[in-house]
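K.L.:
Sharing a structure, written as structure tokens. Questions coming.
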Amino acid sequence: MASEKATLVLGGAALGAISFAAYQKFTQKPSAPLPAVRPPPPSPQPTPQGRPLDTFEKAKTILPFGFPGPVNDLVYRNAYVTSFNRRDRNPNWVAEHITADSLKRADKVDRSNSTFKEDDGIPPMFRAKLSDYFKSGFDRGHMVPAADVKNSQQSMDETFYLTNISPQVGQGFNRDYWAHLEHFCRQLTQSFSDVYVFTGPLYLPRQEADGKFYVKYQMIGNPPNVAVPTHFYKVILTHRQGRYSVGAFVLPNQPIPDEVPLEAFKVPLDAVERGAGLVFFEKMGEAKVGLPDLCKETNCKLTIRKFNDAQKKALPSK
């Protein structure tokens with residue numbers, strides 16, 4: 001029974017070697033040939049001095065009233081940085097840097113003092129709202145967990161902004177397997193001096209009965225306002241004595257049995273980059289290509305803990 005459940009979970013991931021490779025193959029099919037007759041390119045428009053305009057100057061005449069976007073809001077907090085997607089009302093990514101020292105609890109810091117709140121820095125028409133989650137059936141899932149910032153009440157409070165939140169399945173995921181993965185990240189600070197974590201949502205294709213791939217996801221809110229991701233990723237970069245290693249994991253937004261091993265969700269870093277449209281660790285240059293596998297540097301195994309406050313981790317929205 002456990003193996004059957006594991007198979008179902010892995011089948012739902014949709015970013016494994018088989019399904020993602022198939023999707024990539026579909027997207028790379030040659031397109032139909034275009035008609036041979038094409039309009040001639042426009043002639044360069046001369047300036048009053050007789051010189052042709054460069055493309056930047058041309059853009060000023062094409063967009064005299066501004067560039068429409070897309071706009072991704074960068075939000076800087078004490079313990080994390082996030083890029084917020086105005087269309088999906090979800091983060092694109094949330095980045096944090098944790099160490100053994102940063103995880104130490106300060107006096108009187110308690111998540112019971114924190115409350116979920118809308119981010120006033122996002123324009124109202126693009127903002128995720130508390131009412132979107134009300135009776136939605138989804139938890140308000142932290143991307144950077146409150147437990148990672150127990151060193152400051154202000155920093156902990158900032159993890160409750162909806163720019164750090166995505167709709168997550170509660171029982172079996174946000175309150176269970178996902179919480180175990182968050183704990184795993186914190187445990188890494190016992191072996192590594194620096195742990196850098198990127199967390200975010202994915203909207204991945206799934207092959208249906210007709211053999212075609214579709215991207216489908218639920219929307220919550222009335223009117224529909226916030227996208228429900230199909231999957232979530234964590235990209236983890238560790239550092240110890242000048243040596244870096246990386247691990248990338250993609251989990252379906254659905255209940256996952258505790259017995260499913262974490263490495264079942266391990267994927268190549270570039271698979272997350274292609275699925276999310278992001279590039280991680282660009283400033284590493286060529287060194288990024290040869291980064292050691294995190295799971296060969298440490299045991300990528302979850303410690304299954306039934307948290308006493310699991311039911312309070314993210315207030316259910318039912």
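FYI, nothing fancy with the structure tokens labels: chains A, B, ... in order, residues from 1 per chain, ligands from 1 as they appear.
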List as a Markdown table every residue of segment 233-284 of chain A that is in contact with segment 139-151 of chain A, defined as an atom at most 12 Å from one of its atoms (using only C-alpha atoms), together with the nearest atom pair and the distance in Å rounded to one decimal, sorted by chain and then rising number.
P.N.:
```
| residue | atom | partner | partner_atom | distance |
| --- | --- | --- | --- | --- |
| A:Tyr233 | CA | A:Met143 | CA | 9.7 |
| A:Lys234 | CA | A:Met143 | CA | 9.2 |
| A:Val235 | CA | A:Met143 | CA | 11.8 |
| A:Asn253 | CA | A:Gly141 | CA | 10.7 |
| A:Gln254 | CA | A:Asp139 | CA | 11.7 |
```
K.L.:
Quick one: write out the picked residues with all heavy atoms as a PDB file, in the first residue's frame?
P.N.:
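To be explicit, this is the file written out as again-v9.pdb:
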```pdb
ATOM      1  N   TYR A 233       8.783  24.209  -5.106  1.00  0.00           N
ATOM      2  CA  TYR A 233      10.192  23.814  -5.154  1.00  0.00           C
ATOM      3  C   TYR A 233      10.958  24.397  -3.974  1.00  0.00           C
ATOM      4  O   TYR A 233      10.580  25.431  -3.407  1.00  0.00           O
ATOM      5  CB  TYR A 233      10.846  24.276  -6.469  1.00  0.00           C
ATOM      6  CG  TYR A 233      11.002  25.782  -6.598  1.00  0.00           C
ATOM      7  CD1 TYR A 233      12.084  26.459  -6.034  1.00  0.00           C
ATOM      8  CD2 TYR A 233      10.059  26.551  -7.288  1.00  0.00           C
ATOM      9  CE1 TYR A 233      12.226  27.834  -6.148  1.00  0.00           C
ATOM     10  CE2 TYR A 233      10.191  27.918  -7.411  1.00  0.00           C
ATOM     11  CZ  TYR A 233      11.285  28.558  -6.840  1.00  0.00           C
ATOM     12  OH  TYR A 233      11.414  29.931  -6.937  1.00  0.00           O
ATOM     13  N   LYS A 234      12.031  23.723  -3.621  1.00  0.00           N
ATOM     14  CA  LYS A 234      13.059  24.265  -2.744  1.00  0.00           C
ATOM     15  C   LYS A 234      14.404  23.999  -3.406  1.00  0.00           C
ATOM     16  O   LYS A 234      14.713  22.865  -3.771  1.00  0.00           O
ATOM     17  CB  LYS A 234      13.028  23.626  -1.351  1.00  0.00           C
ATOM     18  CG  LYS A 234      12.025  24.300  -0.414  1.00  0.00           C
ATOM     19  CD  LYS A 234      12.241  23.889   1.032  1.00  0.00           C
ATOM     20  CE  LYS A 234      11.191  24.525   1.945  1.00  0.00           C
ATOM     21  NZ  LYS A 234      11.403  25.966   2.148  1.00  0.00           N
ATOM     22  N   VAL A 235      15.165  25.062  -3.578  1.00  0.00           N
ATOM     23  CA  VAL A 235      16.530  24.969  -4.073  1.00  0.00           C
ATOM     24  C   VAL A 235      17.440  25.344  -2.914  1.00  0.00           C
ATOM     25  O   VAL A 235      17.313  26.438  -2.343  1.00  0.00           O
ATOM     26  CB  VAL A 235      16.752  25.899  -5.280  1.00  0.00           C
ATOM     27  CG1 VAL A 235      18.238  25.970  -5.641  1.00  0.00           C
ATOM     28  CG2 VAL A 235      15.932  25.422  -6.470  1.00  0.00           C
ATOM     29  N   ASN A 253       1.648  19.736  -4.784  1.00  0.00           N
ATOM     30  CA  ASN A 253       0.816  20.381  -3.769  1.00  0.00           C
ATOM     31  C   ASN A 253      -0.369  19.463  -3.450  1.00  0.00           C
ATOM     32  O   ASN A 253      -1.514  19.729  -3.830  1.00  0.00           O
ATOM     33  CB  ASN A 253       0.329  21.743  -4.279  1.00  0.00           C
ATOM     34  CG  ASN A 253      -0.365  22.570  -3.211  1.00  0.00           C
ATOM     35  OD1 ASN A 253      -0.317  22.250  -2.026  1.00  0.00           O
ATOM     36  ND2 ASN A 253      -1.019  23.641  -3.632  1.00  0.00           N
ATOM     37  N   GLN A 254      -0.061  18.393  -2.740  1.00  0.00           N
ATOM     38  CA  GLN A 254      -1.062  17.391  -2.397  1.00  0.00           C
ATOM     39  C   GLN A 254      -0.538  16.584  -1.210  1.00  0.00           C
ATOM     40  O   GLN A 254       0.657  16.659  -0.894  1.00  0.00           O
ATOM     41  CB  GLN A 254      -1.320  16.464  -3.584  1.00  0.00           C
ATOM     42  CG  GLN A 254      -0.110  15.636  -4.004  1.00  0.00           C
ATOM     43  CD  GLN A 254      -0.357  14.849  -5.279  1.00  0.00           C
ATOM     44  OE1 GLN A 254      -0.811  15.396  -6.281  1.00  0.00           O
ATOM     45  NE2 GLN A 254      -0.033  13.567  -5.251  1.00  0.00           N
TER      46      GLN A 254
END
```
K.L.:
Residues of segment 72-279 of chain A classed as strand (DSSP E) by DSSP on the backbone are to be reported as a PyMOL selection string.
P.N.:
chain A and resi 72-76+81-85+90-98+139-142+165-168+194-202+206-207+213-214+219-220+226-227+231-240+243-252
K.L.:
I want to know what sits within 9 Å of Phe126 of chain A, based on only C-alpha atoms, with residues of the same chain fewer than 4 positions away left out; could you give that as a PyMOL selection string?
P.N.:
chain A and resi 85-89+122+225
K.L.:
Those same residues, written as a compact mmCIF listing (two decimals), in the first residue's frame with N, CA and C atoms?
P.N.:
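Final output, again_31.txt:
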```
# COMPACT_ATOMS: atom_id res chain seq x y z
N ASN A 85 4.71 37.92 -7.88
CA ASN A 85 4.09 37.88 -9.20
C ASN A 85 2.70 38.50 -9.15
N ARG A 86 2.51 39.61 -9.85
CA ARG A 86 1.23 40.33 -9.77
C ARG A 86 0.08 39.58 -10.45
N ARG A 87 0.39 38.76 -11.43
CA ARG A 87 -0.68 38.04 -12.13
C ARG A 87 -1.22 36.90 -11.28
N ASP A 88 -0.32 36.09 -10.72
CA ASP A 88 -0.73 34.92 -9.94
C ASP A 88 -0.99 35.23 -8.48
N ARG A 89 -0.57 36.43 -8.03
CA ARG A 89 -0.69 36.83 -6.61
C ARG A 89 0.01 35.82 -5.71
N ILE A 122 2.08 46.33 -2.23
CA ILE A 122 1.61 45.86 -3.53
C ILE A 122 0.34 46.64 -3.88
N ASN A 225 -8.84 35.28 -7.52
CA ASN A 225 -7.76 36.26 -7.43
C ASN A 225 -6.39 35.63 -7.27
```
K.L.:
List as a ChimeraX atom specification the protein and nucleic acid residues near Val226 of chain A, meaning an atom at most 9 Å away when only C-alpha atoms are counted, but skip any in the same chain fewer than 5 places from it.
P.N.:
/A:87-90,127-129,132-133,166-167,218-221
K.L.:
Restricting it to N, CA and C atoms, dump the selection as a CSV table (one decimal), in the first residue's frame.
P.N.:
```csv
chain,number,residue,atom,x,y,z
A,87,ARG,N,0.4,38.8,-11.4
A,87,ARG,CA,-0.7,38.0,-12.1
A,87,ARG,C,-1.2,36.9,-11.3
A,88,ASP,N,-0.3,36.1,-10.7
A,88,ASP,CA,-0.7,34.9,-9.9
A,88,ASP,C,-1.0,35.2,-8.5
A,89,ARG,N,-0.6,36.4,-8.0
A,89,ARG,CA,-0.7,36.8,-6.6
A,89,ARG,C,0.0,35.8,-5.7
A,90,ASN,N,1.2,35.3,-6.2
A,90,ASN,CA,2.0,34.4,-5.5
A,90,ASN,C,3.5,34.9,-5.6
A,127,ARG,N,-2.9,42.7,-5.4
A,127,ARG,CA,-2.6,42.2,-4.1
A,127,ARG,C,-3.3,40.9,-3.7
A,128,ALA,N,-2.7,40.0,-3.1
A,128,ALA,CA,-3.4,38.8,-2.5
A,128,ALA,C,-4.1,39.3,-1.2
A,129,LYS,N,-5.3,38.9,-1.0
A,129,LYS,CA,-6.1,39.4,0.1
A,129,LYS,C,-6.4,38.3,1.1
A,132,ASP,N,-9.3,36.2,0.2
A,132,ASP,CA,-9.1,35.1,-0.8
A,132,ASP,C,-9.0,33.7,-0.2
A,133,TYR,N,-8.4,33.7,1.0
A,133,TYR,CA,-8.1,32.4,1.6
A,133,TYR,C,-9.3,31.9,2.5
A,166,SER,N,1.7,31.2,-0.1
A,166,SER,CA,1.0,30.6,-1.2
A,166,SER,C,0.0,29.6,-0.7
A,167,PRO,N,-1.1,29.4,-1.5
A,167,PRO,CA,-2.1,28.4,-1.1
A,167,PRO,C,-1.5,27.0,-1.1
A,218,GLN,N,-6.2,25.7,-9.9
A,218,GLN,CA,-7.4,26.3,-9.3
A,218,GLN,C,-7.1,27.8,-8.9
A,219,MET,N,-8.1,28.6,-8.9
A,219,MET,CA,-8.0,29.9,-8.4
A,219,MET,C,-8.9,30.1,-7.2
A,220,ILE,N,-8.4,30.8,-6.2
A,220,ILE,CA,-9.3,31.1,-5.0
A,220,ILE,C,-9.5,32.5,-4.9
A,221,GLY,N,-10.6,32.8,-4.1
A,221,GLY,CA,-11.0,34.2,-3.9
A,221,GLY,C,-12.3,34.4,-4.6
```
K.L.:
List the spatial neighbours of segment 177-189 of chain A as a list of chain:residue names - criterion: any atom at most 7 Å away, only C-alpha atoms, same-chain residues fewer than 5 positions off excluded.
P.N.:
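So, after excluding close chain neighbours, the residues are A:Thr99, A:Ala100, A:Gly172, A:Asp194, A:Val195, A:Ile256, A:Asp258, A:Leu302, A:Thr303, A:Ile304, A:Arg305.
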